[in-house]
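Asker: Hey, dropping target.cif in here, mmCIF, C-alpha atoms:
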```cif
data_input
#
loop_
_atom_site.label_atom_id
_atom_site.label_comp_id
_atom_site.auth_asym_id
_atom_site.auth_seq_id
_atom_site.Cartn_x
_atom_site.Cartn_y
_atom_site.Cartn_z
CA MET O 277 86.66 52.54 63.43
CA THR O 278 84.41 53.40 66.39
CA TRP O 279 81.73 56.04 65.86
CA PHE O 280 82.81 57.95 68.97
CA LYS O 281 86.34 58.93 69.80
CA ARG O 282 87.40 61.03 72.74
CA GLU O 283 89.78 63.74 71.50
CA SER O 284 90.80 64.97 74.95
CA LYS O 285 91.46 62.87 77.99
CA GLY O 286 90.85 63.71 81.61
CA ILE O 287 87.82 65.95 81.07
CA ILE O 288 86.44 66.91 84.48
CA THR O 289 83.22 68.84 85.15
CA THR O 290 83.39 70.83 88.36
CA THR O 291 80.64 70.43 90.94
CA GLU O 292 79.56 74.05 90.39
CA GLU O 293 78.95 73.35 86.70
CA LYS O 294 76.88 70.20 87.22
CA LYS O 295 73.13 70.66 86.82
CA GLU O 296 70.77 68.95 89.24
CA THR O 297 67.04 68.44 88.80
CA PRO O 298 65.33 71.10 90.98
CA ASP O 299 63.60 69.78 94.12
CA GLY O 300 59.83 69.40 93.86
CA ILE O 301 59.69 69.02 90.07
CA TRP O 302 59.18 65.25 90.23
CA ASN O 303 57.18 63.26 92.73
CA LYS O 304 56.34 59.58 93.09
CA CYS O 305 52.79 58.28 93.44
CA PRO O 306 52.54 56.62 96.89
CA ASN O 307 50.24 53.97 95.43
CA CYS O 308 51.60 52.87 92.02
CA LYS O 309 55.12 54.32 92.53
CA LYS O 310 55.19 55.89 89.05
CA PRO O 311 56.91 59.26 88.56
CA LEU O 312 54.67 62.34 88.39
CA HIS O 313 55.72 65.73 87.09
CA TYR O 314 54.64 68.68 89.24
CA THR O 315 52.89 70.43 86.32
CA GLU O 316 50.90 67.28 85.58
CA GLN O 317 49.92 66.99 89.24
CA VAL O 318 48.57 70.54 89.32
CA GLU O 319 46.67 70.09 86.06
CA ASN O 320 45.17 66.82 87.34
CA GLN O 321 44.38 68.37 90.75
CA TYR O 322 46.93 66.17 92.53
CA VAL O 323 45.31 62.91 91.41
CA CYS O 324 47.62 60.29 89.88
CA HIS O 325 46.70 59.98 86.21
CA TYR O 326 47.97 56.38 86.19
CA CYS O 327 46.00 54.84 89.07
CA GLY O 328 43.65 57.59 90.28
CA TYR O 329 45.27 57.82 93.73
CA HIS O 330 44.39 61.07 95.53
CA ILE O 331 47.65 62.57 96.79
CA ARG O 332 47.44 64.36 100.14
CA ILE O 333 47.28 68.12 99.76
CA GLY O 334 46.74 71.08 102.10
CA SER O 335 44.58 74.17 102.37
CA LYS O 336 46.59 76.09 99.76
CA GLU O 337 45.84 73.48 97.10
CA TYR O 338 42.20 72.96 98.11
CA PHE O 339 41.52 76.70 98.03
CA ALA O 340 43.10 76.91 94.57
CA ILE O 341 40.91 74.03 93.35
CA LEU O 342 37.60 75.19 94.87
CA PHE O 343 37.52 78.99 95.03
CA ASP O 344 36.76 80.75 91.75
CA ASP O 345 40.07 82.05 90.33
CA ASN O 346 41.65 81.21 93.72
CA GLU O 347 40.23 84.47 95.09
CA PHE O 348 39.24 84.52 98.76
CA ILE O 349 39.54 86.53 101.96
CA GLU O 350 41.26 84.61 104.75
CA LEU O 351 39.51 84.71 108.12
CA ASP O 352 41.52 85.18 111.33
CA PRO O 353 44.87 84.30 109.72
CA ASN O 354 47.01 85.27 112.73
CA LEU O 355 45.56 83.04 115.47
CA ARG O 356 48.25 80.89 117.11
CA SER O 357 48.16 78.27 119.85
CA GLY O 358 49.29 79.05 123.37
CA ASP O 359 50.83 76.61 125.83
CA PRO O 360 48.32 76.51 128.70
CA LEU O 361 49.78 73.32 130.22
CA HIS O 362 53.48 74.19 129.72
CA PHE O 363 53.71 70.83 127.99
CA GLU O 364 57.02 69.13 127.30
CA ASP O 365 57.80 65.67 125.89
CA THR O 366 60.90 65.21 123.74
CA LYS O 367 60.84 68.99 123.32
CA LYS O 368 58.80 71.91 124.61
CA TYR O 369 55.42 72.46 122.96
CA THR O 370 56.33 76.09 122.29
CA ASP O 371 59.51 74.96 120.49
CA ARG O 372 57.56 72.40 118.49
CA LEU O 373 55.04 75.07 117.46
CA ALA O 374 57.75 77.53 116.42
CA GLU O 375 59.58 74.84 114.44
CA THR O 376 56.39 73.74 112.64
CA ILE O 377 55.36 77.32 111.86
CA ASN O 378 58.78 78.00 110.31
CA LYS O 379 58.73 74.73 108.37
CA THR O 380 55.18 74.93 106.96
CA GLY O 381 54.52 78.68 106.83
CA LEU O 382 51.21 78.01 108.60
CA ASN O 383 50.10 79.45 111.94
CA ASP O 384 48.12 76.33 112.89
CA ALA O 385 46.53 73.19 111.45
CA ILE O 386 43.62 75.04 109.81
CA ARG O 387 42.95 77.96 107.47
CA ALA O 388 39.58 79.51 106.72
CA GLY O 389 38.48 81.73 103.88
CA VAL O 390 35.40 83.26 102.30
CA GLY O 391 34.95 83.33 98.53
CA LYS O 392 32.83 81.89 95.76
CA ILE O 393 32.30 78.48 94.17
CA ASP O 394 30.81 78.84 90.69
CA GLY O 395 29.66 82.34 91.65
CA GLN O 396 28.02 81.23 94.92
CA ASP O 397 29.22 82.63 98.24
CA ILE O 398 30.73 80.13 100.66
CA VAL O 399 32.93 79.89 103.75
CA ILE O 400 35.55 77.12 103.64
CA ALA O 401 37.67 75.90 106.56
CA CYS O 402 40.41 73.45 105.61
CA MET O 403 42.81 71.48 107.80
CA ASP O 404 46.52 70.95 107.05
CA PHE O 405 48.01 67.57 107.95
CA ASN O 406 51.56 68.94 107.72
CA PHE O 407 50.99 70.96 110.90
CA ILE O 408 51.54 68.45 113.74
CA GLY O 409 49.49 65.79 111.95
CA GLY O 410 46.53 68.10 111.43
CA SER O 411 45.83 67.75 115.14
CA MET O 412 42.83 69.55 116.62
CA GLY O 413 43.92 72.11 119.19
CA SER O 414 42.21 75.15 120.68
CA VAL O 415 43.01 77.32 117.62
CA VAL O 416 41.43 74.77 115.26
CA GLY O 417 38.23 74.77 117.31
CA GLU O 418 38.22 78.55 117.62
CA LYS O 419 38.71 79.15 113.89
CA ILE O 420 35.93 76.70 113.03
CA ALA O 421 33.66 78.45 115.56
CA ARG O 422 34.46 81.88 114.11
CA SER O 423 33.93 80.60 110.56
CA ILE O 424 30.49 79.30 111.56
CA ASP O 425 29.69 82.66 113.18
CA TYR O 426 30.66 84.37 109.91
CA SER O 427 28.44 81.96 107.96
CA ILE O 428 25.48 82.71 110.23
CA ALA O 429 26.04 86.48 110.17
CA HIS O 430 26.31 86.59 106.36
CA LYS O 431 23.95 83.64 105.62
CA MET O 432 26.59 81.73 103.67
CA PRO O 433 26.94 77.93 103.40
CA PHE O 434 29.84 76.41 105.33
CA LEU O 435 32.24 73.77 103.96
CA MET O 436 34.57 71.96 106.35
CA ILE O 437 37.49 70.00 104.84
CA SER O 438 38.81 67.58 107.47
CA LYS O 439 42.28 66.02 107.40
CA SER O 440 43.46 65.12 110.88
CA GLY O 441 45.05 62.62 113.19
CA GLY O 442 42.69 63.67 116.00
CA ALA O 443 42.98 65.74 119.15
CA ARG O 444 46.28 67.47 119.98
CA MET O 445 47.67 65.73 123.06
CA MET O 446 49.83 68.72 124.01
CA GLU O 447 46.66 70.63 124.93
CA ALA O 448 44.87 67.71 126.64
CA ALA O 449 41.37 68.71 127.82
CA PHE O 450 41.59 72.06 126.01
CA SER O 451 41.75 70.08 122.78
CA LEU O 452 38.92 67.69 123.69
CA MET O 453 36.67 70.63 124.56
CA GLN O 454 36.79 71.68 120.90
CA MET O 455 34.65 68.66 120.02
CA ALA O 456 31.73 69.97 122.07
CA LYS O 457 32.40 73.59 121.10
CA THR O 458 32.32 72.98 117.34
CA SER O 459 29.33 70.64 117.60
CA ALA O 460 27.37 73.30 119.51
CA LYS O 461 28.24 75.91 116.89
CA LEU O 462 27.06 73.56 114.14
CA ALA O 463 23.75 73.20 115.99
CA LEU O 464 23.37 76.99 115.77
CA LEU O 465 24.15 76.79 112.05
CA ALA O 466 21.41 74.18 111.65
CA GLN O 467 18.93 76.36 113.58
CA ALA O 468 19.71 79.20 111.18
CA LYS O 469 18.94 76.76 108.31
CA ILE O 470 22.29 77.37 106.67
CA PRO O 471 23.83 74.40 104.78
CA TYR O 472 26.85 72.62 106.21
CA ILE O 473 28.89 70.36 103.92
CA SER O 474 31.54 68.12 105.44
CA LEU O 475 34.34 66.83 103.19
CA LEU O 476 36.43 64.04 104.70
CA THR O 477 39.87 63.49 103.18
CA ASP O 478 42.77 61.15 103.90
CA PRO O 479 43.11 60.73 106.85
CA THR O 480 40.19 61.81 109.06
CA THR O 481 40.47 60.14 112.44
CA GLY O 482 40.10 60.58 116.20
CA GLY O 483 38.10 63.36 117.80
CA VAL O 484 37.61 65.13 114.48
CA THR O 485 35.65 62.14 113.14
CA ALA O 486 33.78 61.94 116.44
CA SER O 487 32.60 65.55 116.15
CA TYR O 488 32.26 68.04 113.30
CA ALA O 489 33.50 65.78 110.47
CA MET O 490 30.42 63.55 110.68
CA LEU O 491 27.79 66.23 111.36
CA GLY O 492 27.33 67.60 107.84
CA ASP O 493 23.99 68.00 106.13
CA ILE O 494 25.92 66.21 103.41
CA ASN O 495 28.98 64.09 104.24
CA ILE O 496 31.35 63.64 101.29
CA ALA O 497 34.71 61.88 101.04
CA GLU O 498 37.49 61.48 98.52
CA PRO O 499 38.12 57.96 97.15
CA GLY O 500 40.27 55.72 99.32
CA SER O 501 40.40 58.09 102.30
CA LEU O 502 41.12 56.61 105.73
CA ILE O 503 38.15 57.48 107.94
CA GLY O 504 37.68 56.22 111.48
CA PHE O 505 38.10 56.88 115.19
CA ALA O 506 40.93 54.64 116.40
CA GLY O 507 43.44 53.38 113.84
CA PRO O 508 43.12 49.92 112.25
CA ARG O 509 46.22 48.61 114.05
CA VAL O 510 44.85 49.66 117.47
CA ILE O 511 41.47 48.08 116.76
CA LYS O 512 43.05 44.84 115.54
CA GLU O 513 45.23 44.57 118.63
CA THR O 514 42.24 45.29 120.88
CA ILE O 515 39.72 42.84 119.43
CA LYS O 516 42.39 40.25 118.48
CA LYS O 517 40.76 39.62 115.11
CA ASP O 518 41.61 40.33 111.50
CA LEU O 519 39.73 43.30 110.09
CA PRO O 520 37.56 43.15 106.94
CA LYS O 521 39.17 44.03 103.63
CA GLY O 522 39.15 47.78 103.02
CA PHE O 523 38.27 48.49 106.67
CA GLN O 524 37.95 52.23 107.41
CA THR O 525 38.31 53.28 103.78
CA ALA O 526 35.81 55.80 102.44
CA GLU O 527 34.16 53.04 100.42
CA PHE O 528 33.74 50.83 103.51
CA VAL O 529 32.37 53.74 105.56
CA GLN O 530 29.88 54.67 102.83
CA GLU O 531 28.72 51.06 102.56
CA HIS O 532 27.89 51.17 106.29
CA GLY O 533 25.86 54.37 106.00
CA PHE O 534 28.16 57.07 107.36
CA LEU O 535 28.79 58.87 104.05
CA ASP O 536 26.42 60.23 101.42
CA PHE O 537 28.83 60.43 98.49
CA ILE O 538 32.37 59.65 97.41
CA VAL O 539 33.51 62.24 94.88
CA ASP O 540 36.65 62.35 92.75
CA ARG O 541 38.65 65.51 93.49
CA ARG O 542 38.59 66.47 89.81
CA GLU O 543 34.78 66.60 89.97
CA MET O 544 34.54 68.09 93.47
CA LYS O 545 33.97 71.75 92.56
CA GLU O 546 31.22 70.90 90.08
CA LYS O 547 29.48 68.61 92.60
CA LEU O 548 29.71 71.19 95.39
CA ALA O 549 28.29 73.89 93.12
CA THR O 550 25.37 71.58 92.31
CA PHE O 551 24.72 70.86 96.00
CA LEU O 552 24.77 74.56 96.84
CA LYS O 553 22.23 75.35 94.12
CA MET O 554 19.97 72.52 95.31
CA MET O 555 20.14 73.70 98.92
CA GLN O 556 19.38 77.31 97.98
CA ASN O 557 16.24 76.20 96.19
#
```
Would you mind writing the file's structure down as structure tokens?
Answerer:
Amino acid sequence: MTWFKRESKGIITTTEEKKETPDGIWNKCPNCKKPLHYTEQVENQYVCHYCGYHIRIGSKEYFAILFDDNEFIELDPNLRSGDPLHFEDTKKYTDRLAETINKTGLNDAIRAGVGKIDGQDIVIACMDFNFIGGSMGSVVGEKIARSIDYSIAHKMPFLMISKSGGARMMEAAFSLMQMAKTSAKLALLAQAKIPYISLLTDPTTGGVTASYAMLGDINIAEPGSLIGFAGPRVIKETIKKDLPKGFQTAEFVQEHGFLDFIVDRREMKEKLATFLKMMQN
């Protein structure tokens, strides 16, 4: 006799009664493809505990990791991009902005806040790749400039977390002008002898790399981050040669002298706190 016997035939569970796994509970590591539970990701600061891959995160997660008790005051939260060129490609730039704002809950590709790291005051500006590829538009440049002004006025160190595909093409020259604008503001920060720490995350490319991302008193990166100006595919097609292994990874960039340190995200807050104490003394 079989151990299981169906007493009733034709049992049907209605769709309403079926239970689905809630969205966002499970994720898959982009590197090793193993399943990751959301709670485990948060506890491990969004680093895969199987292979150590650093999953891309945004300003919300970085602020939660770095600011003491996730307490901070956001600076200029309501700045939004205009449409000075009345740009239109597959859709109007204004429509693209509205769609992205609704989708991400962000007003632009950067957020800035003032708080404490291990009890030490700091201003942090962090880019969000989910907002039009973390592209650098006029609002990104303006918020960085205002954050630097706040740092100078209150004599607080400034941390810039870069994650960007480069300049925002919809704003053309207005976007490119932010490279000079932010670099000039950082020169004022240096004159005031206030520390500037630049953290490069995956990816940091284009005009962002060519300006404020590489101007830190200390340049730090997360392991395996893509860092460069033009993308590897563009460079390969231009020079018609195969690129070295690991080209434009954080490790490759550090080996060639453009980075000071590569720091695991799980150790980032402790390292930053140490740097801040060293700079104060």
Asker: Exactly which residues make up the result of the PyMOL selection byres ((chain O and resi 453-466) around 7) on this file, given as a list of chain:residue names?
Answerer: O:Ser414, O:Gly417, O:Ile420, O:Ala421, O:Ile424, O:Ile428, O:Ala449, O:Phe450, O:Ser451, O:Leu452, O:Gln467, O:Ala468, O:Lys469, O:Ile470, O:Gly483, O:Ser487, O:Tyr488
Asker: Write the selection just made, keeping C-alpha atoms, as an mmCIF file, in the frame of the given file?
Answerer:
```
data_model
loop_
_atom_site.group_PDB
_atom_site.id
_atom_site.type_symbol
_atom_site.label_atom_id
_atom_site.label_comp_id
_atom_site.auth_asym_id
_atom_site.auth_seq_id
_atom_site.Cartn_x
_atom_site.Cartn_y
_atom_site.Cartn_z
ATOM 1 C CA SER O 414 42.210 75.150 120.680
ATOM 2 C CA GLY O 417 38.230 74.770 117.310
ATOM 3 C CA ILE O 420 35.930 76.700 113.030
ATOM 4 C CA ALA O 421 33.660 78.450 115.560
ATOM 5 C CA ILE O 424 30.490 79.300 111.560
ATOM 6 C CA ILE O 428 25.480 82.710 110.230
ATOM 7 C CA ALA O 449 41.370 68.710 127.820
ATOM 8 C CA PHE O 450 41.590 72.060 126.010
ATOM 9 C CA SER O 451 41.750 70.080 122.780
ATOM 10 C CA LEU O 452 38.920 67.690 123.690
ATOM 11 C CA GLN O 467 18.930 76.360 113.580
ATOM 12 C CA ALA O 468 19.710 79.200 111.180
ATOM 13 C CA LYS O 469 18.940 76.760 108.310
ATOM 14 C CA ILE O 470 22.290 77.370 106.670
ATOM 15 C CA GLY O 483 38.100 63.360 117.800
ATOM 16 C CA SER O 487 32.600 65.550 116.150
ATOM 17 C CA TYR O 488 32.260 68.040 113.300
#
```
Asker: Give as a list in words the residues that the PyMOL selection byres ((chain O and resi 374-380) around 12) matches when applied to the coordinates above.
Answerer: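 That selection, the PyMOL selection byres ((chain O and resi 374-380) around 12), comes back as Gly334, Ser335, Lys336, Asn354, Leu355, Arg356, Ser357, Gly358, Asp359, Lys367, Lys368, Tyr369, Thr370, Asp371, Arg372, Leu373, Gly381, Leu382, Asn383, Asp384, Ala385, Ile386, Asp404, Phe405, Asn406, Phe407, Ile408, Gly409 and Gly410 of chain O.
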Asker: Expanded to explicit residues, what is the PyMOL selection byres ((chain O and resi 526-532) around 10) for this file, as a compact mmCIF listing (two decimals) with C-alpha atoms, in the frame of the given file?
Answerer:
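Resulting contents of part_19.txt:
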```txt
# COMPACT_ATOMS: atom_id res chain seq x y z
CA LEU O 476 36.43 64.04 104.70
CA THR O 477 39.87 63.49 103.18
CA ASP O 478 42.77 61.15 103.90
CA PRO O 479 43.11 60.73 106.85
CA THR O 480 40.19 61.81 109.06
CA ASN O 495 28.98 64.09 104.24
CA ILE O 496 31.35 63.64 101.29
CA ALA O 497 34.71 61.88 101.04
CA GLU O 498 37.49 61.48 98.52
CA PRO O 499 38.12 57.96 97.15
CA GLY O 500 40.27 55.72 99.32
CA SER O 501 40.40 58.09 102.30
CA LEU O 502 41.12 56.61 105.73
CA ILE O 503 38.15 57.48 107.94
CA GLY O 504 37.68 56.22 111.48
CA PRO O 520 37.56 43.15 106.94
CA LYS O 521 39.17 44.03 103.63
CA GLY O 522 39.15 47.78 103.02
CA PHE O 523 38.27 48.49 106.67
CA GLN O 524 37.95 52.23 107.41
CA THR O 525 38.31 53.28 103.78
CA GLY O 533 25.86 54.37 106.00
CA PHE O 534 28.16 57.07 107.36
CA LEU O 535 28.79 58.87 104.05
CA ASP O 536 26.42 60.23 101.42
CA PHE O 537 28.83 60.43 98.49
CA ILE O 538 32.37 59.65 97.41
```
Asker: Return the single residue from O:Leu351, O:Ile393, O:Cys324, O:Met490 that is closest to O:Arg422, with distances computed using all atoms listed in the file.
Answerer: O:Leu351
Asker: What's the separation between atom CA of O:Glu319 and atom CA of O:Phe339, in Å to one decimal place?
Answerer: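 Spanning atom CA of O:Glu319 to atom CA of O:Phe339 is a straight-line distance of 14.6 Å.
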Asker: Work out how far apart atom CA of O:Gln556 and atom CA of O:Glu418 are and give it in Å to one decimal.
Answerer: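 Atom CA of O:Gln556 sits 27.2 Å away from atom CA of O:Glu418.
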Asker: List the spatial neighbours of O:Phe348 as a ChimeraX atom specification - criterion: any atom at most 12 Å away, only C-alpha atoms, same-chain residues fewer than 6 positions off excluded.
Answerer: /O:336,338-342,387-393,397-401
Asker: Of the candidates O:Tyr329, O:Phe343, O:Phe363, O:Tyr426, which shows the shortest atom-to-atom distance to O:Gln396, using all atoms listed in the file?
Answerer: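 For O:Gln396, the nearest of the candidates is O:Phe343.
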Asker: Hey, what's within 9 Å of O:Ala506 if we count only C-alpha atoms and toss same-chain stuff fewer than 5 positions away? As a ChimeraX atom specification, please?
Answerer: /O:481-482,511
Asker: Which polymer residues have any atom within 10 Å of an atom of O:Pro311, counting all atoms listed in the file, with same-chain residues fewer than 6 positions away left out, as a list of chain:residue names?
Answerer: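 These residues fall inside the cut-off: O:Trp302, O:Asn303, O:Lys304, O:Cys305, O:Cys324, O:Tyr326.
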Asker: Excluding O:Asp493 and residues on its chain fewer than 3 positions from it, collect all residues at most 8 Å away from it, counting all atoms listed in the file, and give them as an NGL selection string.
Answerer: :O and (471-474)
Asker: Using atom CA of O:Ile494 and atom CA of O:Cys402 as the two end points, give the distance in Å to one decimal.
Answerer: 16.3 Å
